[in-house]
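Below is final_31.txt, holding compact mmCIF, C-alpha atoms and all ligand atoms.
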# COMPACT_ATOMS: atom_id res chain seq x y z
CA MET H 1 78.81 71.71 101.95
CA LYS H 2 78.73 74.55 99.40
CA THR H 3 81.72 76.88 99.12
CA ILE H 4 80.74 80.56 98.87
CA LEU H 5 84.23 82.01 98.65
CA GLN H 6 87.83 81.06 99.17
CA GLN H 7 90.64 83.58 99.56
CA HIS H 8 94.30 83.84 100.48
CA VAL H 9 95.23 86.68 102.84
CA PRO H 10 98.94 87.58 102.54
CA HIS H 11 101.10 88.19 105.60
CA ASN H 12 100.36 91.52 107.36
CA THR H 13 97.32 92.44 105.26
CA GLY H 14 93.59 92.67 106.01
CA TRP H 15 90.47 91.15 104.49
CA SER H 16 86.70 91.52 104.85
CA ALA H 17 83.52 89.88 103.51
CA GLU H 18 79.81 89.56 104.18
CA MET H 19 78.28 86.40 105.65
CA LYS H 20 74.67 85.26 105.86
CA GLN H 21 73.22 83.77 109.02
CA GLY H 22 74.02 80.02 109.14
CA GLN H 23 77.11 80.27 106.92
CA VAL H 24 80.46 79.19 108.34
CA ILE H 25 83.85 80.85 108.00
CA ARG H 26 86.90 78.58 108.07
CA ILE H 27 90.11 80.38 109.05
CA THR H 28 93.22 78.30 108.29
CA ALA H 29 96.32 79.71 109.97
CA THR H 30 99.51 78.91 111.86
CA THR H 31 99.85 82.48 113.06
CA THR H 32 97.84 85.00 115.06
CA VAL H 33 94.71 86.21 113.29
CA ASP H 34 92.90 89.32 114.56
CA PHE H 35 89.21 88.66 113.83
CA VAL H 36 86.30 91.11 114.22
CA PHE H 37 82.71 91.23 113.03
CA PHE H 38 79.73 93.57 112.85
CA LYS H 39 75.99 93.04 112.43
CA LEU H 40 75.53 93.65 108.70
CA GLN H 41 72.22 95.53 108.98
CA ASN H 42 73.48 97.75 111.81
CA LEU H 43 77.24 98.09 111.78
CA ILE H 44 77.44 99.80 115.17
CA GLU H 45 76.53 96.45 116.76
CA ARG H 46 79.78 94.54 117.00
CA PHE H 47 81.79 91.86 118.70
CA ASP H 48 82.57 92.51 122.35
CA GLN H 49 85.49 90.87 124.19
CA PRO H 50 84.25 91.35 127.79
CA ARG H 51 80.73 90.10 127.11
CA THR H 52 82.18 87.06 125.37
CA LYS H 53 84.39 86.25 128.35
CA VAL H 54 81.61 86.69 130.89
CA TYR H 55 78.98 84.80 128.86
CA ASN H 56 81.30 81.80 128.59
CA MET H 57 82.77 82.47 132.09
CA LYS H 58 86.33 81.93 130.91
CA LEU H 59 89.27 83.68 129.30
CA PHE H 60 89.91 81.03 126.66
CA ILE H 61 87.15 79.95 124.30
CA SER H 62 86.94 76.95 121.98
CA THR H 63 84.52 74.56 120.25
CA GLY H 64 80.90 75.18 121.24
CA ASP H 65 81.50 78.62 122.75
CA LYS H 66 79.68 81.70 121.53
CA LEU H 67 81.03 85.09 120.55
CA MET H 68 78.87 87.88 121.85
CA GLY H 69 77.92 91.40 120.84
CA ARG H 70 77.70 94.53 122.98
CA ASN H 71 73.99 93.93 123.58
CA ASN H 72 74.60 90.35 124.68
CA GLN H 73 73.39 88.87 121.41
CA HIS H 74 74.87 85.64 120.03
CA MET H 75 76.82 86.75 116.98
CA MET H 76 78.94 83.68 116.19
CA THR H 77 79.56 80.15 117.48
CA ILE H 78 82.84 78.23 117.26
CA THR H 79 81.79 74.96 115.63
CA TYR H 80 85.30 73.52 115.32
CA ASP H 81 88.60 74.50 116.93
CA GLY H 82 91.55 72.57 115.51
CA ASN H 83 94.19 74.20 117.70
CA GLN H 84 95.31 71.45 120.08
CA THR H 85 98.63 73.08 121.00
CA GLY H 86 97.51 76.38 122.45
CA THR H 87 94.72 78.81 123.21
CA HIS H 88 93.16 81.90 121.63
CA ASP H 89 93.33 85.36 123.12
CA LEU H 90 90.53 87.62 124.39
CA GLN H 91 92.69 90.14 126.30
CA LYS H 92 94.53 92.04 123.67
CA GLY H 93 93.75 94.76 121.19
CA MET H 94 95.38 95.02 117.79
CA CYS H 95 99.07 95.39 117.09
CA SER H 96 99.86 98.53 115.12
CA GLY H 97 102.60 100.70 113.71
CA TYR H 98 102.10 103.01 116.74
CA ARG H 99 102.53 100.19 119.19
CA PHE H 100 105.70 98.85 117.56
CA LYS H 101 107.19 102.34 117.43
CA LEU H 102 106.45 103.04 121.10
CA ALA H 103 107.90 99.70 122.20
CA GLN H 104 111.05 100.49 120.22
CA GLN H 105 111.30 104.05 121.56
CA GLU H 106 110.93 102.77 125.12
CA ASN H 107 113.41 99.99 124.39
CA ARG H 108 110.88 97.36 125.48
CA LEU H 109 110.70 95.07 122.43
CA ALA H 110 112.65 92.37 124.28
CA GLU H 111 110.22 92.62 127.20
CA TYR H 112 107.19 92.09 124.94
CA TYR H 113 108.48 89.53 122.47
CA PRO H 114 110.33 86.27 123.12
CA ARG H 115 112.68 86.67 120.16
CA GLU H 116 115.02 89.34 118.87
CA ILE H 117 113.25 91.93 116.72
CA LYS H 118 115.68 93.53 114.27
CA GLU H 119 113.16 95.47 112.22
CA ILE H 120 109.66 96.54 113.23
CA PRO H 121 106.89 96.63 110.60
CA ASP H 122 105.47 100.07 109.79
CA HIS H 123 101.92 98.75 110.26
CA GLY H 124 100.00 95.95 111.94
CA CYS H 125 96.50 94.59 112.50
CA TYR H 126 95.04 97.99 113.40
CA GLU H 127 95.97 99.44 110.03
CA ASN H 128 95.08 96.22 108.17
CA LEU H 129 91.60 96.03 109.71
CA SER H 130 91.06 99.78 109.26
CA LYS H 131 91.63 99.40 105.52
CA ALA H 132 89.52 96.24 105.31
CA VAL H 133 86.37 97.89 106.75
CA ALA H 134 86.86 101.45 105.43
CA LYS H 135 84.50 100.88 102.50
CA TYR H 136 81.68 100.22 104.99
CA GLY H 137 82.21 103.63 106.56
CA ILE H 138 83.62 102.17 109.79
CA ILE H 139 86.30 104.42 111.24
CA PRO H 140 89.41 102.81 112.83
CA GLU H 141 88.41 103.92 116.34
CA ASP H 142 85.13 101.98 116.01
CA ILE H 143 86.80 98.63 115.35
CA PRO H 144 86.36 96.48 118.46
CA SER H 145 89.23 94.71 120.20
CA PRO H 146 89.44 91.43 118.28
CA PHE H 147 89.21 87.74 118.94
CA ASN H 148 92.88 86.84 118.46
CA LEU H 149 93.01 83.33 117.07
CA ASN H 150 96.10 81.24 117.85
CA GLN H 151 97.62 83.92 120.09
CA HIS H 152 98.66 81.71 122.97
CA MET H 153 99.47 83.71 126.09
CA ILE H 154 100.38 82.57 129.57
CA ILE H 155 98.24 84.35 132.15
CA ASP H 156 98.99 84.04 135.84
CA GLY H 157 95.63 83.70 137.59
CA LYS H 158 96.86 85.26 140.84
CA THR H 159 98.96 88.21 139.68
CA GLY H 160 97.28 88.70 136.29
CA LYS H 161 100.70 88.83 134.65
CA MET H 162 100.58 88.12 130.92
CA GLU H 163 103.34 86.62 128.85
CA HIS H 164 103.66 86.21 125.09
CA THR H 165 104.69 82.78 123.87
CA GLN H 166 105.90 81.24 120.65
CA VAL H 167 103.33 78.46 120.91
CA ARG H 168 101.40 78.36 117.63
CA PRO H 169 99.46 75.55 115.94
CA PRO H 170 101.02 73.39 113.19
CA GLU H 171 100.37 73.57 109.44
CA GLY H 172 96.79 72.79 108.42
CA ASN H 173 95.24 74.16 111.63
CA TYR H 174 91.84 75.80 111.24
CA MET H 175 88.81 77.11 113.11
CA ASP H 176 85.19 77.10 111.91
CA LEU H 177 82.81 79.81 113.15
CA ARG H 178 79.11 79.94 112.32
CA ALA H 179 77.37 83.28 111.79
CA GLU H 180 74.31 83.57 114.07
CA MET H 181 73.15 86.66 112.14
CA ASP H 182 74.09 88.36 108.87
CA LEU H 183 77.58 89.76 109.42
CA LEU H 184 80.40 91.82 108.07
CA VAL H 185 83.52 89.88 109.06
CA ALA H 186 87.09 91.15 108.86
CA LEU H 187 90.49 89.77 109.78
CA SER H 188 94.17 90.62 109.71
CA ALA H 189 97.01 88.16 109.08
CA CYS H 190 99.00 89.49 112.04
CA PRO H 191 102.71 90.28 111.62
CA ASP H 192 102.87 88.33 114.92
CA LEU H 193 106.23 89.59 116.19
CA ALA H 194 106.44 86.75 118.72
CA VAL H 195 107.03 84.21 115.96
CA GLY H 196 107.01 86.09 112.64
CA GLY H 197 103.68 86.19 110.84
CA LYS H 198 102.42 83.97 108.05
CA PRO H 199 99.64 84.22 105.46
CA VAL H 200 96.11 83.05 106.25
CA ASP H 201 93.51 81.21 104.16
CA VAL H 202 89.81 81.94 104.44
CA MET H 203 86.79 80.05 103.22
CA ILE H 204 83.10 80.82 103.69
CA TYR H 205 80.73 77.90 103.15
CA GLU H 206 77.21 76.68 103.71
CA PRO H 207 77.30 73.51 105.79
ZN ZN I 1 98.59 91.86 115.00

Would you mind writing the file's structure down as structure tokens?
Ligand SMILES: [Zn+2]
Amino acid sequence: MKTILQQHVPHNTGWSAEMKQGQVIRITATTTVDFVFFKLQNLIERFDQPRTKVYNMKLFISTGDKLMGRNNQHMMTITYDGNQTGTHDLQKGMCSGYRFKLAQQENRLAEYYPREIKEIPDHGCYENLSKAVAKYGIIPEDIPSPFNLNQHMIIDGKTGKMEHTQVRPPEGNYMDLRAEMDLLVALSACPDLAVGGKPVDVMIYEP
């Protein structure tokens, strides 16, 4: 195993890097991480939540499952999922300053989050990811809805009702994802209002 890079991503900030086909990214986190990626040679080809769900025929993906692009191409594969306490989310978009503000204006913070929110952040994953990919000429509106690592939600299969939880993995938890093509990858260490966000550690390596 040869380490290509290792970086610390502070709470409520974004990060991006390039990966070569066959390299693996290890994301170590105890908080929600909004993760997106784009085909490096053609940045308009990107991760797609619905195709990923339908390809794997499930809402929750884990070790061995593939993450798909808009044209049904294999973009990444989860080679290790260390989260034994919860699941990862493929329903949600990115949290953002706009979203927090609206929830506050509509007095719905308590409905969305299972803990008291005294102060809302002025930005979230949308702004963090926007900044992280700006130098590649990707505009915020072109960032796909992410793969939200460690965001454990309860989904009622009959009514479709979704519920945030405070279930998050313990210290040391990580996921490994292999690039199936050259990629631009980006992530945000989510402010994760359900639990209070934490920093994230990233490593890219050749297995
Ligand atoms: Zn977020």

How would you report the residues lying within 10 Å of ligand ZN 1 (chain I), as a ChimeraX atom specification, if you count only C-alpha atoms and all ligand atoms?
/H:12-13,31-35,92-97,123-129,146,148,151,187-193,197

How would the residues just chosen look if you wrote them out with C-alpha atoms as a compact mmCIF listing (two decimals), keeping the file's coordinate frame?
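Okay, out-v6.txt is ready:
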# COMPACT_ATOMS: atom_id res chain seq x y z
CA ASN H 12 100.36 91.52 107.36
CA THR H 13 97.32 92.44 105.26
CA THR H 31 99.85 82.48 113.06
CA THR H 32 97.84 85.00 115.06
CA VAL H 33 94.71 86.21 113.29
CA ASP H 34 92.90 89.32 114.56
CA PHE H 35 89.21 88.66 113.83
CA LYS H 92 94.53 92.04 123.67
CA GLY H 93 93.75 94.76 121.19
CA MET H 94 95.38 95.02 117.79
CA CYS H 95 99.07 95.39 117.09
CA SER H 96 99.86 98.53 115.12
CA GLY H 97 102.60 100.70 113.71
CA HIS H 123 101.92 98.75 110.26
CA GLY H 124 100.00 95.95 111.94
CA CYS H 125 96.50 94.59 112.50
CA TYR H 126 95.04 97.99 113.40
CA GLU H 127 95.97 99.44 110.03
CA ASN H 128 95.08 96.22 108.17
CA LEU H 129 91.60 96.03 109.71
CA PRO H 146 89.44 91.43 118.28
CA ASN H 148 92.88 86.84 118.46
CA GLN H 151 97.62 83.92 120.09
CA LEU H 187 90.49 89.77 109.78
CA SER H 188 94.17 90.62 109.71
CA ALA H 189 97.01 88.16 109.08
CA CYS H 190 99.00 89.49 112.04
CA PRO H 191 102.71 90.28 111.62
CA ASP H 192 102.87 88.33 114.92
CA LEU H 193 106.23 89.59 116.19
CA GLY H 197 103.68 86.19 110.84

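Each of H:Ile204, H:Ala194, H:Asn71, H:Pro50 was checked against H:Ala110 using only C-alpha atoms; the smallest atom-to-atom distance is that of H:Ala194.
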
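With distances taken over all atoms listed in the file, H:Ile27 is the one residue among H:Leu183, H:Ala134, H:Ile61, H:Ile27 lying closest to H:Met203.
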
Could you pull the residues within 9 Å of H:Gln49, counting only C-alpha atoms, minus those fewer than 2 positions along the same chain, as a PyMOL selection string?
chain H and resi 47+51-54+67-70+90-91+144-147

Choose the residue, out of H:Ala186, H:Met181, H:Ile120, H:Ile143, that has the smallest atom-to-atom separation from H:Gly14; count only C-alpha atoms.
H:Ala186

Just give me the gap between atom CA of H:Ile25 and atom CA of H:Lys39 in Å, one decimal is fine.
15.2 Å

So that I can see what lies close to H:Gln6, please list as a VMD selection string the residues with an atom at most 12 Å from it, counting only C-alpha atoms and leaving out residues fewer than 3 positions away in the same chain.
chain H and resid 2 to 3 9 15 to 17 24 to 28 200 to 205

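Distance check against H:His152 using all atoms listed in the file: of H:Leu59, H:Val185, H:Val133, H:Ile138, the minimum falls on H:Leu59.
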
By how many Å are atom CA of H:Glu119 and atom CA of H:Gln104 apart?
9.7 Å

Distance criterion (only C-alpha atoms): nearest to H:Gly86 out of H:Asn56, H:Pro140, H:Lys158, H:Ser62:
H:Ser62

Axis-aligned box over every listed atom of stretch 75-92 of chain H, padded by 6 Å per side: centre and edges in Å to one decimal, as JSON?
{"center_x": 87.7, "center_y": 81.7, "center_z": 120.8, "size_x": 33.8, "size_y": 32.6, "size_z": 23.0}

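Distance-wise, atom CA of H:Arg168 and atom CA of H:Asn150 end up 6.0 Å apart.
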